[in-house]
Amino acid sequence: MPQLKTKLTRRGLLAGVAGTALTAPMLNRAWAQEPTTINMLAWYGHGEPDMVSEFEAENNVKFVPKYYAGGDNMLALIAQSPPGTYDIILSDAEFVQQLNAAGYIEEMDSSLFPFDDFWPEYQKFPGHWTEDTLWSVMVRFGLLGVSYNTDALTREEAASYEAFWNPKVTGKVGHFDWHLPNLGQISLLNGNRAPSPFDIDEAAWEAVQEKTLSLKPQVGGYFDYGGTFASLKNGEMLAMAGIGDWITGVLQKDGAPVASVIPEEGGIQWTESYSIGKGTTKQEIITKFIQYMLSPAGQVRSIQMAAYPGLSPTKSGWKAIQEANPAEAERSGLIEGHDQSPIKLLAEKRLFFRDIPREQSLEDWNDFWSEYKTA
């Protein structure tokens with residue numbers, strides 16, 4: 001009898017499976033929905049699986065990213081696209097005002113985001129608000145300083161932007177090919193700290209150009225995102241201007257002998273923020289995604305993003321990474337009182353927010369950068 005029962009059970013099971021096979025397509029047609037497509041404009045990495053797969057699975061959405069490098073490129077892509085092309089736009093903070101002025105982004109409801117959890121220094125970030133109206137929400141940031149090959153330079157030698165003129169790296173200094181971070185660093189080297197290395201008069205601007213041109217004999221190349229990674233990894237370049245841990249942090253994990261340090265003249269903070277694209281009909285799900293990215297789980301993903309690491313603007317994000325990956329929290333300074341803690345660096349006035357030029361135009365800086373590269 002046990003054997004007979006087994007046979008009957010198997011027969012019944014097979015019949016059930018067959019029935020399910022016949023009815024499942026009908027159920028799928030009746031109930032399954034195609035994922036909602038979310039068109040994202042962002043720096044590389046933000047639409048990759050390590051960042052969005054969990055949210056996609058839980059909310060039946062699919063991100064379709066368009067990647068850019070540099071705020072000028074971002075603005076050009078939006079200008080060339082019909083309104084409503086991009087549902088969510090990740091931008092560098094200094095370009096939010098331009099996005100707003102051009103009518104490319106929607107007003108946001110500040111009550112929907114956990115600003116009470118932000119460190120006070122980041123709660124009402126410059127350019128993200130017009131009085132009490134919110135246009136963009138910071139989700140991550142990072143620090144730019146001196147990036148170097150640890151076999152070529154010591155940390156002490158790299159602790160000033162003058163490291164780029166060190167004979168040890170002649171012909172092997174690279175530039176990340178974007179004028180704002182590079183010229184901002186030279187401006188800091190020249191002592192332009194207040195009100196900002198990007199808010200300088202014409203005499204100071206002339207001095208920045210002169211100092212930059214003096215670096216030319218040291219320079220071995222100008223690199224995009226991928227080229228910056230490769231040239232540091234293979235030792236083609238021994239020092240790199242215009243970047244920081246967002247590049248060397250990834251390379252360190254791969255075993256490359258590289259590091260970044262905030263030099264004595266100060267560092268520059270890059271800041272990435274999400275805005276809602278003008279004309280989208282998907283505000284609700286986009287808001288939910290930004291909330292997810294600001295949650296402790298989302299911040300742990302953001303801090304450890306495979307494409308390039310970032311720092312968290314939220315207190316809960318710091319606590320979450322300390323618990324999830326203590327080594328990464330230590331490496332990136334996301335511990336109160338840490339020597340490279342961004343909050344500590346801000347308090348010591350050694351950290352400056354990246355900005356657009358205030359007394360010159362973006363075109364002035366970009367034109368000089370083009371001239372410098374061909375000098």
# chains A, B, ... in the order shown; residues from 1 in each chain; ligands from 1

call {"tool": "residues_around", "arguments": {"residues": "Gly220 in chain A", "least_positions_apart": "2", "cutoff": "12 Å", "atoms": "only C-alpha atoms", "output": "list in words"}}
result
Phe164, Val169, Thr170, Gly171, Lys172, Val173, Gly174, His175, Phe176, Leu215, Lys216, Pro217, Gln218, Tyr222, Phe223, Thr228, Ser231, Leu232, Gly235, Glu236, Met237, Leu238, Ala239, Met240, Ala241 and Lys373 of chain A

call {"tool": "write_last_selection", "arguments": {"atoms": "N, CA and C atoms", "output": "compact mmCIF listing (two decimals), in the first residue's frame"}}
result
# COMPACT_ATOMS: atom_id res chain seq x y z
N PHE A 164 52.33 67.82 -7.50
CA PHE A 164 52.22 67.65 -8.95
C PHE A 164 53.46 68.18 -9.68
N VAL A 169 57.63 62.70 -10.39
CA VAL A 169 56.48 62.35 -11.24
C VAL A 169 56.48 63.13 -12.56
N THR A 170 57.63 63.66 -12.94
CA THR A 170 57.73 64.40 -14.20
C THR A 170 57.29 63.53 -15.38
N GLY A 171 56.40 64.09 -16.16
CA GLY A 171 55.87 63.37 -17.32
C GLY A 171 54.82 62.35 -17.00
N LYS A 172 54.52 62.18 -15.72
CA LYS A 172 53.56 61.17 -15.31
C LYS A 172 52.47 61.74 -14.40
N VAL A 173 52.19 63.01 -14.56
CA VAL A 173 51.05 63.64 -13.89
C VAL A 173 49.88 63.66 -14.87
N GLY A 174 48.77 63.13 -14.46
CA GLY A 174 47.59 63.11 -15.31
C GLY A 174 46.54 64.09 -14.82
N HIS A 175 45.66 64.45 -15.70
CA HIS A 175 44.50 65.27 -15.35
C HIS A 175 43.22 64.49 -15.66
N PHE A 176 42.28 64.46 -14.71
CA PHE A 176 40.92 64.10 -15.07
C PHE A 176 40.39 65.24 -15.92
N LEU A 215 52.56 73.85 -14.91
CA LEU A 215 52.52 72.42 -14.66
C LEU A 215 52.69 71.61 -15.95
N LYS A 216 52.54 72.26 -17.08
CA LYS A 216 52.50 71.55 -18.37
C LYS A 216 53.66 70.58 -18.57
N PRO A 217 54.92 70.94 -18.24
CA PRO A 217 56.02 69.97 -18.47
C PRO A 217 55.91 68.68 -17.66
N GLN A 218 55.10 68.70 -16.61
CA GLN A 218 54.93 67.51 -15.77
C GLN A 218 53.87 66.55 -16.32
N TYR A 222 45.57 63.65 -20.44
CA TYR A 222 44.27 64.11 -19.97
C TYR A 222 43.31 62.94 -20.19
N PHE A 223 42.57 62.56 -19.18
CA PHE A 223 41.87 61.28 -19.24
C PHE A 223 40.40 61.40 -18.88
N THR A 228 41.35 57.40 -16.66
CA THR A 228 41.91 57.74 -15.35
C THR A 228 42.16 56.47 -14.54
N SER A 231 45.16 54.40 -16.33
CA SER A 231 46.50 54.98 -16.26
C SER A 231 47.08 54.95 -14.85
N LEU A 232 46.21 55.05 -13.84
CA LEU A 232 46.69 54.91 -12.46
C LEU A 232 46.96 53.45 -12.11
N GLY A 235 50.23 52.23 -13.76
CA GLY A 235 51.42 53.01 -13.44
C GLY A 235 51.85 53.97 -14.53
N GLU A 236 51.03 54.10 -15.57
CA GLU A 236 51.35 55.06 -16.63
C GLU A 236 51.41 56.47 -16.04
N MET A 237 50.48 56.77 -15.11
CA MET A 237 50.49 58.03 -14.38
C MET A 237 50.78 57.75 -12.91
N LEU A 238 51.60 58.59 -12.30
CA LEU A 238 51.98 58.42 -10.90
C LEU A 238 51.30 59.41 -9.97
N ALA A 239 50.66 60.40 -10.54
CA ALA A 239 49.86 61.36 -9.76
C ALA A 239 48.75 61.85 -10.67
N MET A 240 47.62 62.17 -10.07
CA MET A 240 46.46 62.58 -10.86
C MET A 240 45.78 63.77 -10.21
N ALA A 241 45.61 64.84 -10.99
CA ALA A 241 44.93 66.05 -10.51
C ALA A 241 43.46 65.99 -10.89
N LYS A 373 45.45 72.47 -22.65
CA LYS A 373 45.69 71.12 -23.14
C LYS A 373 46.48 71.11 -24.45

call {"tool": "residues_around", "arguments": {"residues": "range 78-91 of chain A", "least_positions_apart": "5", "cutoff": "7 Å", "atoms": "only C-alpha atoms", "output": "list in words"}}
result
Ile38, Asn39, Met40, Leu41, Ala42, Gly71, Val96, Glu272, Ser273, Tyr274, Ser275, Ile276, Gly277, Lys278, Gly279, Thr280, Lys282 and Ile286 of chain A

call {"tool": "write_last_selection", "arguments": {"atoms": "N, CA and C atoms", "output": "PDB file, in the first residue's frame"}}
result
ATOM      1  N   ILE A  38      12.026  53.704 -16.069  1.00  0.00           N
ATOM      2  CA  ILE A  38      12.467  54.977 -15.509  1.00  0.00           C
ATOM      3  C   ILE A  38      13.743  55.393 -16.235  1.00  0.00           C
ATOM      4  N   ASN A  39      13.651  56.452 -17.000  1.00  0.00           N
ATOM      5  CA  ASN A  39      14.803  56.946 -17.747  1.00  0.00           C
ATOM      6  C   ASN A  39      15.648  57.842 -16.852  1.00  0.00           C
ATOM      7  N   MET A  40      16.892  57.436 -16.647  1.00  0.00           N
ATOM      8  CA  MET A  40      17.804  58.111 -15.722  1.00  0.00           C
ATOM      9  C   MET A  40      18.957  58.745 -16.489  1.00  0.00           C
ATOM     10  N   LEU A  41      19.289  59.984 -16.136  1.00  0.00           N
ATOM     11  CA  LEU A  41      20.487  60.651 -16.635  1.00  0.00           C
ATOM     12  C   LEU A  41      21.434  60.790 -15.456  1.00  0.00           C
ATOM     13  N   ALA A  42      22.636  60.223 -15.560  1.00  0.00           N
ATOM     14  CA  ALA A  42      23.507  60.162 -14.385  1.00  0.00           C
ATOM     15  C   ALA A  42      24.954  59.906 -14.784  1.00  0.00           C
ATOM     16  N   GLY A  71      29.347  68.141 -15.728  1.00  0.00           N
ATOM     17  CA  GLY A  71      28.084  68.871 -15.755  1.00  0.00           C
ATOM     18  C   GLY A  71      27.795  69.560 -17.066  1.00  0.00           C
ATOM     19  N   VAL A  96      22.709  72.424 -10.221  1.00  0.00           N
ATOM     20  CA  VAL A  96      21.268  72.398  -9.931  1.00  0.00           C
ATOM     21  C   VAL A  96      20.622  73.733 -10.273  1.00  0.00           C
ATOM     22  N   GLU A 272      26.630  64.826  -5.339  1.00  0.00           N
ATOM     23  CA  GLU A 272      25.681  64.309  -6.316  1.00  0.00           C
ATOM     24  C   GLU A 272      24.272  64.311  -5.731  1.00  0.00           C
ATOM     25  N   SER A 273      23.344  64.795  -6.536  1.00  0.00           N
ATOM     26  CA  SER A 273      21.984  65.010  -6.073  1.00  0.00           C
ATOM     27  C   SER A 273      20.984  64.551  -7.128  1.00  0.00           C
ATOM     28  N   TYR A 274      19.823  64.109  -6.660  1.00  0.00           N
ATOM     29  CA  TYR A 274      18.761  63.684  -7.563  1.00  0.00           C
ATOM     30  C   TYR A 274      17.698  64.766  -7.689  1.00  0.00           C
ATOM     31  N   SER A 275      17.303  65.011  -8.926  1.00  0.00           N
ATOM     32  CA  SER A 275      16.182  65.895  -9.232  1.00  0.00           C
ATOM     33  C   SER A 275      15.170  65.126 -10.067  1.00  0.00           C
ATOM     34  N   ILE A 276      13.939  65.604 -10.067  1.00  0.00           N
ATOM     35  CA  ILE A 276      12.877  65.013 -10.875  1.00  0.00           C
ATOM     36  C   ILE A 276      12.800  65.767 -12.198  1.00  0.00           C
ATOM     37  N   GLY A 277      12.919  65.028 -13.298  1.00  0.00           N
ATOM     38  CA  GLY A 277      12.941  65.662 -14.607  1.00  0.00           C
ATOM     39  C   GLY A 277      11.620  66.336 -14.952  1.00  0.00           C
ATOM     40  N   LYS A 278      11.726  67.486 -15.579  1.00  0.00           N
ATOM     41  CA  LYS A 278      10.541  68.240 -15.981  1.00  0.00           C
ATOM     42  C   LYS A 278       9.708  67.435 -16.972  1.00  0.00           C
ATOM     43  N   GLY A 279       8.409  67.364 -16.700  1.00  0.00           N
ATOM     44  CA  GLY A 279       7.494  66.715 -17.624  1.00  0.00           C
ATOM     45  C   GLY A 279       7.279  65.238 -17.381  1.00  0.00           C
ATOM     46  N   THR A 280       7.995  64.637 -16.401  1.00  0.00           N
ATOM     47  CA  THR A 280       7.776  63.228 -16.126  1.00  0.00           C
ATOM     48  C   THR A 280       6.403  63.012 -15.493  1.00  0.00           C
ATOM     49  N   LYS A 282       6.117  60.296 -13.516  1.00  0.00           N
ATOM     50  CA  LYS A 282       6.477  59.232 -12.571  1.00  0.00           C
ATOM     51  C   LYS A 282       7.021  59.781 -11.257  1.00  0.00           C
ATOM     52  N   ILE A 286       9.633  57.909  -8.449  1.00  0.00           N
ATOM     53  CA  ILE A 286      10.955  58.532  -8.362  1.00  0.00           C
ATOM     54  C   ILE A 286      11.223  58.993  -6.933  1.00  0.00           C
TER      55      ILE A 286
END

call {"tool": "residues_around", "arguments": {"residues": "Glu94 in chain A", "least_positions_apart": "2", "cutoff": "7 Å", "atoms": "only C-alpha atoms", "output": "JSON, numbers by chain"}}
result
{"A": [92, 96, 97, 127, 354, 355, 356]}

call {"tool": "write_last_selection", "arguments": {"atoms": "N, CA and C atoms", "output": "short mmCIF file (atom, residue, chain, number, x, y, z; two decimals), in the first residue's frame"}}
result
data_model
loop_
_atom_site.label_atom_id
_atom_site.label_comp_id
_atom_site.auth_asym_id
_atom_site.auth_seq_id
_atom_site.Cartn_x
_atom_site.Cartn_y
_atom_site.Cartn_z
N ASP A 92 25.69 67.06 -10.52
CA ASP A 92 26.59 67.66 -9.55
C ASP A 92 25.90 68.89 -8.98
N VAL A 96 22.71 72.42 -10.22
CA VAL A 96 21.27 72.40 -9.93
C VAL A 96 20.62 73.73 -10.27
N GLN A 97 21.29 74.84 -9.94
CA GLN A 97 20.71 76.14 -10.22
C GLN A 97 20.50 76.34 -11.72
N GLY A 127 22.26 76.02 -3.34
CA GLY A 127 21.83 75.78 -4.70
C GLY A 127 20.70 74.79 -4.85
N ARG A 354 32.58 72.25 -4.35
CA ARG A 354 32.85 72.58 -5.75
C ARG A 354 31.73 73.47 -6.27
N ASP A 355 32.09 74.42 -7.10
CA ASP A 355 31.12 75.40 -7.57
C ASP A 355 31.45 75.75 -9.02
N ILE A 356 30.57 76.53 -9.63
CA ILE A 356 30.88 77.10 -10.93
C ILE A 356 31.57 78.45 -10.69
#

call {"tool": "residues_around", "arguments": {"residues": "Tyr372 in chain A", "least_positions_apart": "2", "cutoff": "12 Å", "atoms": "only C-alpha atoms", "output": "ChimeraX atom specification"}}
result
/A:175,177-179,182-183,208-217,219,221-222,365-370,374-375

call {"tool": "write_last_selection", "arguments": {"atoms": "C-alpha atoms", "output": "PDB file, in the first residue's frame"}}
result
ATOM      1  CA  HIS A 175      44.498  65.269 -15.347  1.00  0.00           C
ATOM      2  CA  ASP A 177      39.697  65.991 -18.120  1.00  0.00           C
ATOM      3  CA  TRP A 178      37.288  68.492 -16.586  1.00  0.00           C
ATOM      4  CA  HIS A 179      38.209  72.086 -15.855  1.00  0.00           C
ATOM      5  CA  ASN A 182      41.508  70.828 -11.733  1.00  0.00           C
ATOM      6  CA  LEU A 183      41.399  74.616 -11.743  1.00  0.00           C
ATOM      7  CA  VAL A 208      45.535  80.506 -11.556  1.00  0.00           C
ATOM      8  CA  GLN A 209      46.079  80.322 -15.311  1.00  0.00           C
ATOM      9  CA  GLU A 210      49.784  81.131 -14.937  1.00  0.00           C
ATOM     10  CA  LYS A 211      50.305  78.497 -12.227  1.00  0.00           C
ATOM     11  CA  THR A 212      48.394  75.890 -14.259  1.00  0.00           C
ATOM     12  CA  LEU A 213      50.495  76.524 -17.365  1.00  0.00           C
ATOM     13  CA  SER A 214      53.664  76.017 -15.299  1.00  0.00           C
ATOM     14  CA  LEU A 215      52.521  72.416 -14.663  1.00  0.00           C
ATOM     15  CA  LYS A 216      52.500  71.553 -18.367  1.00  0.00           C
ATOM     16  CA  PRO A 217      56.020  69.975 -18.465  1.00  0.00           C
ATOM     17  CA  VAL A 219      51.788  66.361 -17.580  1.00  0.00           C
ATOM     18  CA  GLY A 221      47.889  63.112 -20.395  1.00  0.00           C
ATOM     19  CA  TYR A 222      44.266  64.107 -19.968  1.00  0.00           C
ATOM     20  CA  TRP A 365      37.295  78.439 -17.600  1.00  0.00           C
ATOM     21  CA  ASN A 366      36.515  75.899 -20.306  1.00  0.00           C
ATOM     22  CA  ASP A 367      38.245  77.958 -22.995  1.00  0.00           C
ATOM     23  CA  PHE A 368      41.390  78.272 -20.892  1.00  0.00           C
ATOM     24  CA  TRP A 369      41.304  74.529 -20.193  1.00  0.00           C
ATOM     25  CA  SER A 370      41.216  73.828 -23.937  1.00  0.00           C
ATOM     26  CA  THR A 374      47.055  72.222 -26.501  1.00  0.00           C
ATOM     27  CA  ALA A 375      49.779  74.570 -25.160  1.00  0.00           C
TER      28      ALA A 375
END

call {"tool": "residues_around", "arguments": {"residues": "range 313-319 of chain A", "least_positions_apart": "6", "cutoff": "8 Å", "atoms": "only C-alpha atoms", "output": "PyMOL selection string"}}
result
chain A and resi 117-119+122+138-141+294-297+299-300+329+334-335

call {"tool": "write_last_selection", "arguments": {"atoms": "N, CA, C and O atoms", "output": "PDB file, in the first residue's frame"}}
result
ATOM      1  N   ASP A 117      17.647  63.658   9.379  1.00  0.00           N
ATOM      2  CA  ASP A 117      18.704  62.658   9.518  1.00  0.00           C
ATOM      3  C   ASP A 117      20.010  63.129   8.885  1.00  0.00           C
ATOM      4  O   ASP A 117      21.058  62.521   9.102  1.00  0.00           O
ATOM      5  N   PHE A 118      19.970  64.203   8.094  1.00  0.00           N
ATOM      6  CA  PHE A 118      21.181  64.732   7.470  1.00  0.00           C
ATOM      7  C   PHE A 118      22.053  65.403   8.535  1.00  0.00           C
ATOM      8  O   PHE A 118      21.554  65.977   9.500  1.00  0.00           O
ATOM      9  N   TRP A 119      23.371  65.338   8.335  1.00  0.00           N
ATOM     10  CA  TRP A 119      24.251  66.176   9.132  1.00  0.00           C
ATOM     11  C   TRP A 119      23.857  67.634   8.888  1.00  0.00           C
ATOM     12  O   TRP A 119      23.510  68.006   7.764  1.00  0.00           O
ATOM     13  N   TYR A 122      24.633  69.678   5.776  1.00  0.00           N
ATOM     14  CA  TYR A 122      24.095  69.296   4.469  1.00  0.00           C
ATOM     15  C   TYR A 122      22.571  69.416   4.374  1.00  0.00           C
ATOM     16  O   TYR A 122      21.998  69.078   3.335  1.00  0.00           O
ATOM     17  N   MET A 138      20.458  65.868  -2.081  1.00  0.00           N
ATOM     18  CA  MET A 138      21.778  65.239  -2.037  1.00  0.00           C
ATOM     19  C   MET A 138      21.640  63.782  -1.618  1.00  0.00           C
ATOM     20  O   MET A 138      20.951  63.472  -0.657  1.00  0.00           O
ATOM     21  N   VAL A 139      22.327  62.890  -2.340  1.00  0.00           N
ATOM     22  CA  VAL A 139      22.330  61.482  -1.957  1.00  0.00           C
ATOM     23  C   VAL A 139      23.723  60.970  -1.622  1.00  0.00           C
ATOM     24  O   VAL A 139      23.871  59.961  -0.929  1.00  0.00           O
ATOM     25  N   ARG A 140      24.767  61.658  -2.099  1.00  0.00           N
ATOM     26  CA  ARG A 140      26.138  61.218  -1.805  1.00  0.00           C
ATOM     27  C   ARG A 140      27.110  62.326  -2.169  1.00  0.00           C
ATOM     28  O   ARG A 140      26.748  63.277  -2.871  1.00  0.00           O
ATOM     29  N   PHE A 141      28.318  62.203  -1.698  1.00  0.00           N
ATOM     30  CA  PHE A 141      29.348  63.182  -2.032  1.00  0.00           C
ATOM     31  C   PHE A 141      30.703  62.528  -1.865  1.00  0.00           C
ATOM     32  O   PHE A 141      30.827  61.367  -1.455  1.00  0.00           O
ATOM     33  N   LEU A 294      18.235  57.102   0.320  1.00  0.00           N
ATOM     34  CA  LEU A 294      18.605  57.793   1.558  1.00  0.00           C
ATOM     35  C   LEU A 294      18.386  56.933   2.798  1.00  0.00           C
ATOM     36  O   LEU A 294      18.765  57.333   3.901  1.00  0.00           O
ATOM     37  N   SER A 295      17.793  55.760   2.638  1.00  0.00           N
ATOM     38  CA  SER A 295      17.624  54.850   3.765  1.00  0.00           C
ATOM     39  C   SER A 295      18.985  54.272   4.142  1.00  0.00           C
ATOM     40  O   SER A 295      19.934  54.306   3.346  1.00  0.00           O
ATOM     41  N   PRO A 296      19.138  53.714   5.349  1.00  0.00           N
ATOM     42  CA  PRO A 296      20.417  53.101   5.712  1.00  0.00           C
ATOM     43  C   PRO A 296      20.885  52.055   4.696  1.00  0.00           C
ATOM     44  O   PRO A 296      22.056  52.037   4.308  1.00  0.00           O
ATOM     45  N   ALA A 297      19.968  51.200   4.218  1.00  0.00           N
ATOM     46  CA  ALA A 297      20.345  50.178   3.245  1.00  0.00           C
ATOM     47  C   ALA A 297      20.798  50.802   1.929  1.00  0.00           C
ATOM     48  O   ALA A 297      21.780  50.363   1.317  1.00  0.00           O
ATOM     49  N   GLN A 299      22.055  53.810   1.537  1.00  0.00           N
ATOM     50  CA  GLN A 299      23.328  54.493   1.736  1.00  0.00           C
ATOM     51  C   GLN A 299      24.501  53.525   1.781  1.00  0.00           C
ATOM     52  O   GLN A 299      25.595  53.827   1.299  1.00  0.00           O
ATOM     53  N   VAL A 300      24.295  52.346   2.347  1.00  0.00           N
ATOM     54  CA  VAL A 300      25.360  51.337   2.334  1.00  0.00           C
ATOM     55  C   VAL A 300      25.696  50.961   0.892  1.00  0.00           C
ATOM     56  O   VAL A 300      26.877  50.815   0.522  1.00  0.00           O
ATOM     57  N   ALA A 329      34.166  51.992   6.518  1.00  0.00           N
ATOM     58  CA  ALA A 329      33.878  53.188   7.312  1.00  0.00           C
ATOM     59  C   ALA A 329      35.177  53.855   7.755  1.00  0.00           C
ATOM     60  O   ALA A 329      35.318  55.082   7.688  1.00  0.00           O
ATOM     61  N   LEU A 334      34.154  57.783   7.590  1.00  0.00           N
ATOM     62  CA  LEU A 334      32.761  57.960   8.013  1.00  0.00           C
ATOM     63  C   LEU A 334      32.586  57.566   9.481  1.00  0.00           C
ATOM     64  O   LEU A 334      31.734  56.767   9.848  1.00  0.00           O
ATOM     65  N   ILE A 335      33.421  58.168  10.299  1.00  0.00           N
ATOM     66  CA  ILE A 335      33.412  57.963  11.748  1.00  0.00           C
ATOM     67  C   ILE A 335      33.639  59.332  12.387  1.00  0.00           C
ATOM     68  O   ILE A 335      34.571  60.049  12.006  1.00  0.00           O
TER      69      ILE A 335
END

call {"tool": "residues_around", "arguments": {"residues": "Asn60 in chain A", "least_positions_apart": "3", "cutoff": "8 Å", "atoms": "only C-alpha atoms", "output": "PDB file with N, CA, C and O atoms, in the first residue's frame"}}
result
ATOM      1  N   GLU A  34       4.163  44.682 -17.274  1.00  0.00           N
ATOM      2  CA  GLU A  34       5.523  45.018 -17.672  1.00  0.00           C
ATOM      3  C   GLU A  34       6.095  46.028 -16.681  1.00  0.00           C
ATOM      4  O   GLU A  34       5.372  46.883 -16.167  1.00  0.00           O
ATOM      5  N   PRO A  35       7.402  45.952 -16.387  1.00  0.00           N
ATOM      6  CA  PRO A  35       8.000  46.920 -15.460  1.00  0.00           C
ATOM      7  C   PRO A  35       7.846  48.353 -15.977  1.00  0.00           C
ATOM      8  O   PRO A  35       7.875  48.604 -17.184  1.00  0.00           O
ATOM      9  N   THR A  36       7.667  49.272 -15.050  1.00  0.00           N
ATOM     10  CA  THR A  36       7.644  50.688 -15.394  1.00  0.00           C
ATOM     11  C   THR A  36       9.072  51.127 -15.719  1.00  0.00           C
ATOM     12  O   THR A  36       9.998  50.900 -14.937  1.00  0.00           O
ATOM     13  N   GLU A  56      14.373  47.728  -8.131  1.00  0.00           N
ATOM     14  CA  GLU A  56      13.645  47.294  -9.324  1.00  0.00           C
ATOM     15  C   GLU A  56      12.776  46.080  -9.009  1.00  0.00           C
ATOM     16  O   GLU A  56      11.596  46.033  -9.395  1.00  0.00           O
ATOM     17  N   ALA A  57      13.342  45.093  -8.328  1.00  0.00           N
ATOM     18  CA  ALA A  57      12.607  43.855  -8.029  1.00  0.00           C
ATOM     19  C   ALA A  57      11.421  44.111  -7.113  1.00  0.00           C
ATOM     20  O   ALA A  57      10.351  43.508  -7.285  1.00  0.00           O
TER      21      ALA A  57
END
